[in-house]
file run.pdb (PDB, C-alpha atoms)
ATOM      1  CA  ILE A  29      28.728 148.868 153.930  1.00  0.00           C
ATOM      2  CA  CYS A  30      27.632 145.520 152.448  1.00  0.00           C
ATOM      3  CA  GLU A  31      29.497 142.520 151.137  1.00  0.00           C
ATOM      4  CA  SER A  32      27.551 142.301 147.864  1.00  0.00           C
ATOM      5  CA  LEU A  33      25.131 144.175 145.629  1.00  0.00           C
ATOM      6  CA  ALA A  34      22.341 141.797 146.681  1.00  0.00           C
ATOM      7  CA  ALA A  35      23.022 142.531 150.361  1.00  0.00           C
ATOM      8  CA  ALA A  36      23.091 146.274 149.652  1.00  0.00           C
ATOM      9  CA  MET A  37      19.767 146.110 147.830  1.00  0.00           C
ATOM     10  CA  ARG A  38      18.264 144.202 150.754  1.00  0.00           C
ATOM     11  CA  LEU A  39      19.638 146.808 153.190  1.00  0.00           C
ATOM     12  CA  VAL A  40      18.078 149.626 151.148  1.00  0.00           C
ATOM     13  CA  SER A  41      14.768 147.775 151.010  1.00  0.00           C
ATOM     14  CA  LEU A  42      14.731 147.160 154.771  1.00  0.00           C
ATOM     15  CA  ALA A  43      15.723 150.759 155.495  1.00  0.00           C
ATOM     16  CA  ASP A  44      12.984 152.076 153.219  1.00  0.00           C
ATOM     17  CA  ALA A  45      10.411 149.821 154.876  1.00  0.00           C
ATOM     18  CA  ALA A  46      11.530 151.001 158.329  1.00  0.00           C
ATOM     19  CA  GLY A  47      11.647 154.652 157.279  1.00  0.00           C
ATOM     20  CA  VAL A  48      15.303 155.082 158.191  1.00  0.00           C
ATOM     21  CA  GLU A  49      18.293 156.381 156.251  1.00  0.00           C
ATOM     22  CA  VAL A  50      21.532 154.484 155.609  1.00  0.00           C
ATOM     23  CA  LEU A  51      24.831 156.254 155.107  1.00  0.00           C
ATOM     24  CA  VAL A  52      28.573 155.756 154.978  1.00  0.00           C
ATOM     25  CA  GLY A  53      30.304 157.772 157.689  1.00  0.00           C
ATOM     26  CA  HIS A  54      32.941 159.976 156.079  1.00  0.00           C
ATOM     27  CA  GLN A  55      34.242 161.218 159.415  1.00  0.00           C
ATOM     28  CA  ARG A  56      37.787 161.995 158.270  1.00  0.00           C
ATOM     29  CA  ARG A  57      36.692 165.109 156.388  1.00  0.00           C
ATOM     30  CA  HIS A  58      35.807 166.746 159.713  1.00  0.00           C
ATOM     31  CA  SER A  59      39.443 166.777 160.861  1.00  0.00           C
ATOM     32  CA  ALA A  60      40.899 170.255 161.320  1.00  0.00           C
ATOM     33  CA  PHE A  61      43.884 169.223 159.174  1.00  0.00           C
ATOM     34  CA  VAL A  62      41.636 168.082 156.329  1.00  0.00           C
ATOM     35  CA  ARG A  63      39.530 171.236 156.499  1.00  0.00           C
ATOM     36  CA  ARG A  64      42.710 173.339 156.354  1.00  0.00           C
ATOM     37  CA  ALA A  65      43.961 171.365 153.347  1.00  0.00           C
ATOM     38  CA  HIS A  66      40.619 172.035 151.635  1.00  0.00           C
ATOM     39  CA  GLU A  67      40.927 175.764 152.388  1.00  0.00           C
ATOM     40  CA  LEU A  68      44.470 175.903 150.997  1.00  0.00           C
ATOM     41  CA  VAL A  69      43.706 173.973 147.807  1.00  0.00           C
ATOM     42  CA  SER A  70      40.512 175.989 147.226  1.00  0.00           C
ATOM     43  CA  SER A  71      42.281 179.336 147.651  1.00  0.00           C
ATOM     44  CA  ALA A  72      42.802 181.500 144.568  1.00  0.00           C
ATOM     45  CA  ASP A  73      46.423 181.905 145.731  1.00  0.00           C
ATOM     46  CA  PHE A  74      46.984 178.164 145.396  1.00  0.00           C
ATOM     47  CA  GLY A  75      46.704 178.182 141.622  1.00  0.00           C
ATOM     48  CA  PRO A  76      45.338 175.410 139.424  1.00  0.00           C
ATOM     49  CA  LEU A  77      45.757 171.887 140.746  1.00  0.00           C
ATOM     50  CA  ARG A  78      47.789 169.919 138.192  1.00  0.00           C
ATOM     51  CA  GLY A  79      49.014 166.963 140.206  1.00  0.00           C
ATOM     52  CA  LEU A  80      48.927 165.455 143.642  1.00  0.00           C
ATOM     53  CA  SER A  81      50.622 162.865 145.762  1.00  0.00           C
ATOM     54  CA  ALA A  82      49.169 161.048 148.730  1.00  0.00           C
ATOM     55  CA  GLU A  83      50.199 158.067 150.770  1.00  0.00           C
ATOM     56  CA  PHE A  84      48.250 155.958 153.197  1.00  0.00           C
ATOM     57  CA  ALA A  85      49.725 152.990 154.995  1.00  0.00           C
ATOM     58  CA  LEU A  86      48.271 150.696 157.586  1.00  0.00           C
ATOM     59  CA  LEU A  87      49.039 147.315 158.998  1.00  0.00           C
ATOM     60  CA  LYS A  88      45.965 145.303 159.772  1.00  0.00           C
ATOM     61  CA  PRO A  89      46.807 142.861 162.577  1.00  0.00           C
ATOM     62  CA  GLU A  90      46.769 139.197 161.678  1.00  0.00           C
ATOM     63  CA  SER A  91      43.691 138.791 163.893  1.00  0.00           C
ATOM     64  CA  TYR A  92      41.761 141.029 161.467  1.00  0.00           C
ATOM     65  CA  PHE A  93      41.912 138.232 158.899  1.00  0.00           C
ATOM     66  CA  GLN A  94      40.744 135.470 161.274  1.00  0.00           C
ATOM     67  CA  ARG A  95      39.242 132.580 159.410  1.00  0.00           C
ATOM     68  CA  ASP A  96      37.990 130.591 162.384  1.00  0.00           C
ATOM     69  CA  ASP A  97      35.159 133.016 163.201  1.00  0.00           C
ATOM     70  CA  PRO A  98      32.430 132.744 160.541  1.00  0.00           C
ATOM     71  CA  ARG A  99      31.152 136.236 161.418  1.00  0.00           C
ATOM     72  CA  LEU A 100      34.493 137.716 160.303  1.00  0.00           C
ATOM     73  CA  ALA A 101      35.266 135.405 157.380  1.00  0.00           C
ATOM     74  CA  TRP A 102      34.191 138.062 154.848  1.00  0.00           C
ATOM     75  CA  ARG A 103      37.259 140.142 155.753  1.00  0.00           C
ATOM     76  CA  SER A 104      39.538 137.728 153.918  1.00  0.00           C
ATOM     77  CA  GLN A 105      37.210 136.861 151.023  1.00  0.00           C
ATOM     78  CA  LYS A 106      38.028 138.404 147.660  1.00  0.00           C
ATOM     79  CA  GLY A 107      35.270 140.785 146.597  1.00  0.00           C
ATOM     80  CA  ALA A 108      33.834 141.012 150.111  1.00  0.00           C
ATOM     81  CA  GLY A 109      36.683 142.273 152.260  1.00  0.00           C
ATOM     82  CA  GLY A 110      40.250 143.429 152.284  1.00  0.00           C
ATOM     83  CA  PRO A 111      41.792 146.758 153.223  1.00  0.00           C
ATOM     84  CA  VAL A 112      41.331 148.401 149.816  1.00  0.00           C
ATOM     85  CA  LEU A 113      37.666 147.505 149.501  1.00  0.00           C
ATOM     86  CA  ILE A 114      36.898 148.410 153.119  1.00  0.00           C
ATOM     87  CA  ASN A 115      39.149 151.446 153.701  1.00  0.00           C
ATOM     88  CA  LEU A 116      39.896 153.150 150.371  1.00  0.00           C
ATOM     89  CA  ILE A 117      36.477 154.832 150.197  1.00  0.00           C
ATOM     90  CA  HIS A 118      37.585 157.148 153.007  1.00  0.00           C
ATOM     91  CA  ASP A 119      40.712 158.220 151.128  1.00  0.00           C
ATOM     92  CA  VAL A 120      38.736 158.793 147.932  1.00  0.00           C
ATOM     93  CA  ASP A 121      36.284 160.906 149.955  1.00  0.00           C
ATOM     94  CA  LEU A 122      39.179 163.019 151.272  1.00  0.00           C
ATOM     95  CA  LEU A 123      40.561 163.467 147.769  1.00  0.00           C
ATOM     96  CA  ARG A 124      37.160 164.634 146.504  1.00  0.00           C
ATOM     97  CA  PHE A 125      36.562 166.884 149.523  1.00  0.00           C
ATOM     98  CA  ILE A 126      39.983 168.526 149.554  1.00  0.00           C
ATOM     99  CA  THR A 127      40.202 169.129 145.798  1.00  0.00           C
ATOM    100  CA  GLY A 128      36.531 169.723 145.006  1.00  0.00           C
ATOM    101  CA  HIS A 129      36.915 167.433 141.981  1.00  0.00           C
ATOM    102  CA  GLU A 130      35.648 164.008 141.021  1.00  0.00           C
ATOM    103  CA  VAL A 131      37.806 161.028 140.092  1.00  0.00           C
ATOM    104  CA  SER A 132      37.320 160.205 136.412  1.00  0.00           C
ATOM    105  CA  THR A 133      39.930 157.486 135.816  1.00  0.00           C
ATOM    106  CA  VAL A 134      41.656 154.978 138.106  1.00  0.00           C
ATOM    107  CA  PHE A 135      44.724 152.827 137.549  1.00  0.00           C
ATOM    108  CA  ALA A 136      45.494 150.308 140.292  1.00  0.00           C
ATOM    109  CA  SER A 137      47.723 147.382 141.029  1.00  0.00           C
ATOM    110  CA  LEU A 138      47.162 145.155 144.052  1.00  0.00           C
ATOM    111  CA  SER A 139      49.068 142.280 145.577  1.00  0.00           C
ATOM    112  CA  SER A 140      48.460 139.685 148.257  1.00  0.00           C
ATOM    113  CA  THR A 141      51.985 138.320 148.499  1.00  0.00           C
ATOM    114  CA  ALA A 142      52.818 139.668 151.973  1.00  0.00           C
ATOM    115  CA  ARG A 143      50.254 137.502 153.786  1.00  0.00           C
ATOM    116  CA  GLN A 144      49.143 135.082 151.085  1.00  0.00           C
ATOM    117  CA  ASN A 145      45.465 135.906 151.719  1.00  0.00           C
ATOM    118  CA  ASP A 146      42.797 135.952 149.031  1.00  0.00           C
ATOM    119  CA  VAL A 147      42.508 139.716 149.572  1.00  0.00           C
ATOM    120  CA  GLU A 148      45.091 142.404 148.922  1.00  0.00           C
ATOM    121  CA  ASP A 149      47.660 143.503 151.458  1.00  0.00           C
ATOM    122  CA  THR A 150      49.627 145.892 149.245  1.00  0.00           C
ATOM    123  CA  GLY A 151      48.625 148.229 146.444  1.00  0.00           C
ATOM    124  CA  ALA A 152      49.168 151.403 144.498  1.00  0.00           C
ATOM    125  CA  VAL A 153      46.562 153.658 142.927  1.00  0.00           C
ATOM    126  CA  THR A 154      46.874 156.476 140.400  1.00  0.00           C
ATOM    127  CA  VAL A 155      43.871 158.677 139.654  1.00  0.00           C
ATOM    128  CA  VAL A 156      42.950 161.288 137.070  1.00  0.00           C
ATOM    129  CA  LEU A 157      40.554 163.965 138.275  1.00  0.00           C
ATOM    130  CA  ASP A 158      37.740 165.375 136.162  1.00  0.00           C
ATOM    131  CA  HIS A 159      39.775 168.465 135.251  1.00  0.00           C
ATOM    132  CA  GLY A 160      42.911 166.525 134.294  1.00  0.00           C
ATOM    133  CA  ALA A 161      45.067 166.573 137.438  1.00  0.00           C
ATOM    134  CA  VAL A 162      46.924 163.308 137.980  1.00  0.00           C
ATOM    135  CA  GLY A 163      48.132 161.759 141.173  1.00  0.00           C
TER     136      GLY A 163
END
call {"tool": "encode", "arguments": {"input": "run.pdb", "output": "structure tokens"}}
result
Amino acid sequence: ICESLAAAMRLVSLADAAGVEVLVGHQRRHSAFVRRAHELVSSADFGPLRGLSAEFALLKPESYFQRDDPRLAWRSQKGAGGPVLINLIHDVDLLRFITGHEVSTVFASLSSTARQNDVEDTGAVTVVLDHGAVG
């Protein structure tokens, strides 16, 4: 929800001073499909989770990466924006919610060759969950 650790610390400080809470909205977990997936994977009939496969694809429009509007410049700055940094948290939340396990190891490869931006436009991620499942 912030472009840097310093900005996040300032946000926390301001929120504390104002007496308000700050949160990341993990709205996808409230989908009926996601809740059903959680029920199925959590069922004793499902058996132990050993592996998983998931795919998420999106095409951010070129306008998303506008560089002529200083208010949106962060979207194309490495370490501040990009689809993986901005969007992947929601997929990781779904993985944790559906499986009931934490991610312990991550392997990732990212590329920016499709659009030649400083931020990624293509990537692949493999995770190991805390009980050993891989996907």
call {"tool": "resolve_selection", "arguments": {"input": "run.pdb", "expression": "the PyMOL selection byres ((chain A and resi 121) around 12)", "output": "list of chain:residue names"}}
result
A:Val52, A:Gly53, A:His54, A:Gln55, A:Arg56, A:Arg57, A:His58, A:Val62, A:Asn115, A:Leu116, A:Ile117, A:His118, A:Asp119, A:Val120, A:Leu122, A:Leu123, A:Arg124, A:Phe125, A:Ile126, A:Thr127, A:Gly128, A:His129, A:Glu130, A:Val131
call {"tool": "closest_residue", "arguments": {"input": "run.pdb", "among": "A:Gly79, A:Gly151, A:Pro98, A:Gly110", "to": "A:Phe135", "atoms": "all atoms listed in the file"}}
result
A:Gly151
call {"tool": "closest_residue", "arguments": {"input": "run.pdb", "among": "A:Gln105, A:Ser81, A:Thr141, A:Ser91", "to": "A:Val153", "atoms": "all atoms listed in the file"}}
result
A:Ser81
call {"tool": "closest_residue", "arguments": {"input": "run.pdb", "among": "A:Cys30, A:Ala46, A:Leu157, A:Ala82", "to": "A:Gly109", "atoms": "only C-alpha atoms"}}
result
A:Cys30
call {"tool": "resolve_selection", "arguments": {"input": "run.pdb", "expression": "the PyMOL selection byres ((chain A and resi 148) around 7)", "output": "mmCIF file with C-alpha atoms, in the coordinates of the input"}}
result
data_model
loop_
_atom_site.group_PDB
_atom_site.id
_atom_site.type_symbol
_atom_site.label_atom_id
_atom_site.label_comp_id
_atom_site.auth_asym_id
_atom_site.auth_seq_id
_atom_site.Cartn_x
_atom_site.Cartn_y
_atom_site.Cartn_z
ATOM 1 C CA GLY A 110 40.250 143.429 152.284
ATOM 2 C CA PRO A 111 41.792 146.758 153.223
ATOM 3 C CA LEU A 138 47.162 145.155 144.052
ATOM 4 C CA SER A 139 49.068 142.280 145.577
ATOM 5 C CA SER A 140 48.460 139.685 148.257
ATOM 6 C CA ASP A 146 42.797 135.952 149.031
ATOM 7 C CA VAL A 147 42.508 139.716 149.572
ATOM 8 C CA ASP A 149 47.660 143.503 151.458
ATOM 9 C CA THR A 150 49.627 145.892 149.245
#
call {"tool": "resolve_selection", "arguments": {"input": "run.pdb", "expression": "the PyMOL selection byres ((chain A and resi 33-39) around 12)", "output": "count of residues only"}}
result
18
call {"tool": "closest_residue", "arguments": {"input": "run.pdb", "among": "A:Asn145, A:Ser59, A:Thr154, A:Ser71", "to": "A:Trp102", "atoms": "only C-alpha atoms"}}
result
A:Asn145
call {"tool": "closest_residue", "arguments": {"input": "run.pdb", "among": "A:Val162, A:Leu113, A:Ala152, A:Ala101", "to": "A:Ser137", "atoms": "only C-alpha atoms"}}
result
A:Ala152
call {"tool": "residues_around", "arguments": {"input": "run.pdb", "residues": "A:Phe74", "least_positions_apart": "6", "cutoff": "12 Å", "atoms": "all atoms listed in the file", "output": "ChimeraX atom specification"}}
result
/A:65-68,127
call {"tool": "residues_around", "arguments": {"input": "run.pdb", "residues": "A:Gly160", "least_positions_apart": "6", "cutoff": "9 Å", "atoms": "all atoms listed in the file", "output": "PyMOL selection string"}}
result
chain A and resi 77-79+132
call {"tool": "residues_near_point", "arguments": {"input": "run.pdb", "point": "(44.9, 157.1, 134.0)", "cutoff": "6 Å", "atoms": "only C-alpha atoms", "output": "tab-separated table (two decimals) with C-alpha atoms, in the coordinates of the input"}}
result
chain	number	residue	atom	x	y	z
A	133	THR	CA	39.93	157.49	135.82
A	134	VAL	CA	41.66	154.98	138.11
A	135	PHE	CA	44.72	152.83	137.55
A	155	VAL	CA	43.87	158.68	139.65
A	156	VAL	CA	42.95	161.29	137.07
call {"tool": "atom_distance", "arguments": {"input": "run.pdb", "atom1": "atom CA of A:Phe61", "atom2": "atom CA of A:Ala136"}}
result
26.8 Å
call {"tool": "atom_distance", "arguments": {"input": "run.pdb", "atom1": "atom CA of A:Ala161", "atom2": "atom CA of A:Ala60"}}
result
24.5 Å
call {"tool": "axis_aligned_box", "arguments": {"input": "run.pdb", "around": "stretch 136-139 of chain A", "padding_each_side": "6 Å", "output": "AutoDock Vina command-line options"}}
result
--center_x 47.3 --center_y 146.3 --center_z 142.9 --size_x 15.6 --size_y 20.0 --size_z 17.3
call {"tool": "atom_distance", "arguments": {"input": "run.pdb", "atom1": "atom CA of A:Lys106", "atom2": "atom CA of A:Ala142"}}
result
15.5 Å
call {"tool": "decode", "arguments": {"input": "run.pdb", "residues": "stretch 95-124 of chain A", "atoms": "N, CA, C and O atoms", "output": "mmCIF file, in the first residue's frame"}}
result
data_model
loop_
_atom_site.group_PDB
_atom_site.id
_atom_site.type_symbol
_atom_site.label_atom_id
_atom_site.label_comp_id
_atom_site.auth_asym_id
_atom_site.auth_seq_id
_atom_site.Cartn_x
_atom_site.Cartn_y
_atom_site.Cartn_z
ATOM 1 N N ARG A 95 3.819 7.564 -18.322
ATOM 2 C CA ARG A 95 4.978 8.215 -17.709
ATOM 3 C C ARG A 95 4.845 9.730 -17.717
ATOM 4 O O ARG A 95 5.654 10.416 -17.125
ATOM 5 N N ASP A 96 3.808 10.239 -18.384
ATOM 6 C CA ASP A 96 3.655 11.684 -18.478
ATOM 7 C C ASP A 96 2.857 12.282 -17.316
ATOM 8 O O ASP A 96 2.765 13.480 -17.176
ATOM 9 N N ASP A 97 2.292 11.446 -16.466
ATOM 10 C CA ASP A 97 1.555 11.919 -15.301
ATOM 11 C C ASP A 97 2.381 11.585 -14.059
ATOM 12 O O ASP A 97 2.497 10.425 -13.675
ATOM 13 N N PRO A 98 2.980 12.588 -13.421
ATOM 14 C CA PRO A 98 3.850 12.325 -12.273
ATOM 15 C C PRO A 98 3.159 11.581 -11.126
ATOM 16 O O PRO A 98 3.804 10.868 -10.367
ATOM 17 N N ARG A 99 1.843 11.710 -11.015
ATOM 18 C CA ARG A 99 1.114 11.008 -9.955
ATOM 19 C C ARG A 99 1.082 9.504 -10.189
ATOM 20 O O ARG A 99 0.869 8.737 -9.256
ATOM 21 N N LEU A 100 1.282 9.063 -11.422
ATOM 22 C CA LEU A 100 1.236 7.642 -11.760
ATOM 23 C C LEU A 100 2.599 7.064 -12.122
ATOM 24 O O LEU A 100 2.701 5.894 -12.461
ATOM 25 N N ALA A 101 3.630 7.881 -12.060
ATOM 26 C CA ALA A 101 4.967 7.444 -12.482
ATOM 27 C C ALA A 101 5.464 6.235 -11.697
ATOM 28 O O ALA A 101 6.192 5.398 -12.228
ATOM 29 N N TRP A 102 5.062 6.096 -10.442
ATOM 30 C CA TRP A 102 5.509 4.982 -9.607
ATOM 31 C C TRP A 102 5.134 3.638 -10.203
ATOM 32 O O TRP A 102 5.797 2.638 -9.948
ATOM 33 N N ARG A 103 4.077 3.580 -11.006
ATOM 34 C CA ARG A 103 3.625 2.304 -11.567
ATOM 35 C C ARG A 103 4.662 1.649 -12.472
ATOM 36 O O ARG A 103 4.625 0.438 -12.670
ATOM 37 N N SER A 104 5.548 2.444 -13.043
ATOM 38 C CA SER A 104 6.546 1.878 -13.949
ATOM 39 C C SER A 104 7.957 1.969 -13.373
ATOM 40 O O SER A 104 8.924 1.743 -14.083
ATOM 41 N N GLN A 105 8.072 2.276 -12.091
ATOM 42 C CA GLN A 105 9.380 2.370 -11.443
ATOM 43 C C GLN A 105 9.703 1.088 -10.703
ATOM 44 O O GLN A 105 8.923 0.639 -9.855
ATOM 45 N N LYS A 106 10.837 0.506 -11.020
ATOM 46 C CA LYS A 106 11.270 -0.738 -10.380
ATOM 47 C C LYS A 106 11.325 -0.532 -8.863
ATOM 48 O O LYS A 106 11.828 0.456 -8.379
ATOM 49 N N GLY A 107 10.749 -1.477 -8.128
ATOM 50 C CA GLY A 107 10.739 -1.402 -6.681
ATOM 51 C C GLY A 107 9.583 -0.598 -6.107
ATOM 52 O O GLY A 107 9.356 -0.590 -4.908
ATOM 53 N N ALA A 108 8.843 0.083 -6.963
ATOM 54 C CA ALA A 108 7.703 0.883 -6.500
ATOM 55 C C ALA A 108 6.400 0.427 -7.136
ATOM 56 O O ALA A 108 5.339 0.591 -6.552
ATOM 57 N N GLY A 109 6.474 -0.123 -8.326
ATOM 58 C CA GLY A 109 5.264 -0.518 -9.032
ATOM 59 C C GLY A 109 5.461 -1.805 -9.791
ATOM 60 O O GLY A 109 6.386 -2.571 -9.532
ATOM 61 N N GLY A 110 4.597 -2.013 -10.745
ATOM 62 C CA GLY A 110 4.639 -3.241 -11.533
ATOM 63 C C GLY A 110 3.587 -4.224 -11.071
ATOM 64 O O GLY A 110 3.228 -4.262 -9.897
ATOM 65 N N PRO A 111 3.068 -5.014 -11.988
ATOM 66 C CA PRO A 111 1.991 -5.944 -11.677
ATOM 67 C C PRO A 111 2.305 -6.958 -10.580
ATOM 68 O O PRO A 111 1.439 -7.267 -9.774
ATOM 69 N N VAL A 112 3.523 -7.462 -10.514
ATOM 70 C CA VAL A 112 3.839 -8.449 -9.479
ATOM 71 C C VAL A 112 3.822 -7.791 -8.108
ATOM 72 O O VAL A 112 3.181 -8.277 -7.173
ATOM 73 N N LEU A 113 4.501 -6.672 -7.974
ATOM 74 C CA LEU A 113 4.552 -5.991 -6.689
ATOM 75 C C LEU A 113 3.170 -5.534 -6.234
ATOM 76 O O LEU A 113 2.814 -5.663 -5.066
ATOM 77 N N ILE A 114 2.358 -5.048 -7.156
ATOM 78 C CA ILE A 114 1.055 -4.491 -6.808
ATOM 79 C C ILE A 114 -0.020 -5.570 -6.666
ATOM 80 O O ILE A 114 -0.865 -5.490 -5.785
ATOM 81 N N ASN A 115 -0.013 -6.582 -7.506
ATOM 82 C CA ASN A 115 -1.123 -7.542 -7.560
ATOM 83 C C ASN A 115 -0.867 -8.888 -6.891
ATOM 84 O O ASN A 115 -1.814 -9.541 -6.448
ATOM 85 N N LEU A 116 0.368 -9.350 -6.834
ATOM 86 C CA LEU A 116 0.647 -10.708 -6.376
ATOM 87 C C LEU A 116 0.213 -10.963 -4.930
ATOM 88 O O LEU A 116 -0.129 -12.087 -4.575
ATOM 89 N N ILE A 117 0.179 -9.932 -4.105
ATOM 90 C CA ILE A 117 -0.224 -10.107 -2.712
ATOM 91 C C ILE A 117 -1.607 -10.747 -2.617
ATOM 92 O O ILE A 117 -1.880 -11.533 -1.713
ATOM 93 N N HIS A 118 -2.490 -10.426 -3.563
ATOM 94 C CA HIS A 118 -3.837 -10.985 -3.532
ATOM 95 C C HIS A 118 -3.832 -12.484 -3.844
ATOM 96 O O HIS A 118 -4.588 -13.251 -3.259
ATOM 97 N N ASP A 119 -2.968 -12.896 -4.755
ATOM 98 C CA ASP A 119 -2.859 -14.313 -5.090
ATOM 99 C C ASP A 119 -2.212 -15.104 -3.952
ATOM 100 O O ASP A 119 -2.617 -16.225 -3.655
ATOM 101 N N VAL A 120 -1.217 -14.508 -3.312
ATOM 102 C CA VAL A 120 -0.595 -15.154 -2.155
ATOM 103 C C VAL A 120 -1.620 -15.280 -1.027
ATOM 104 O O VAL A 120 -1.688 -16.306 -0.351
ATOM 105 N N ASP A 121 -2.450 -14.253 -0.831
ATOM 106 C CA ASP A 121 -3.501 -14.336 0.181
ATOM 107 C C ASP A 121 -4.458 -15.489 -0.123
ATOM 108 O O ASP A 121 -4.827 -16.243 0.784
ATOM 109 N N LEU A 122 -4.852 -15.650 -1.388
ATOM 110 C CA LEU A 122 -5.744 -16.748 -1.751
ATOM 111 C C LEU A 122 -5.087 -18.101 -1.483
ATOM 112 O O LEU A 122 -5.728 -19.016 -0.960
ATOM 113 N N LEU A 123 -3.839 -18.223 -1.834
ATOM 114 C CA LEU A 123 -3.105 -19.466 -1.596
ATOM 115 C C LEU A 123 -3.105 -19.805 -0.106
ATOM 116 O O LEU A 123 -3.398 -20.937 0.291
ATOM 117 N N ARG A 124 -2.805 -18.826 0.728
ATOM 118 C CA ARG A 124 -2.787 -19.035 2.179
ATOM 119 C C ARG A 124 -4.180 -19.363 2.702
ATOM 120 O O ARG A 124 -4.341 -20.245 3.538
#
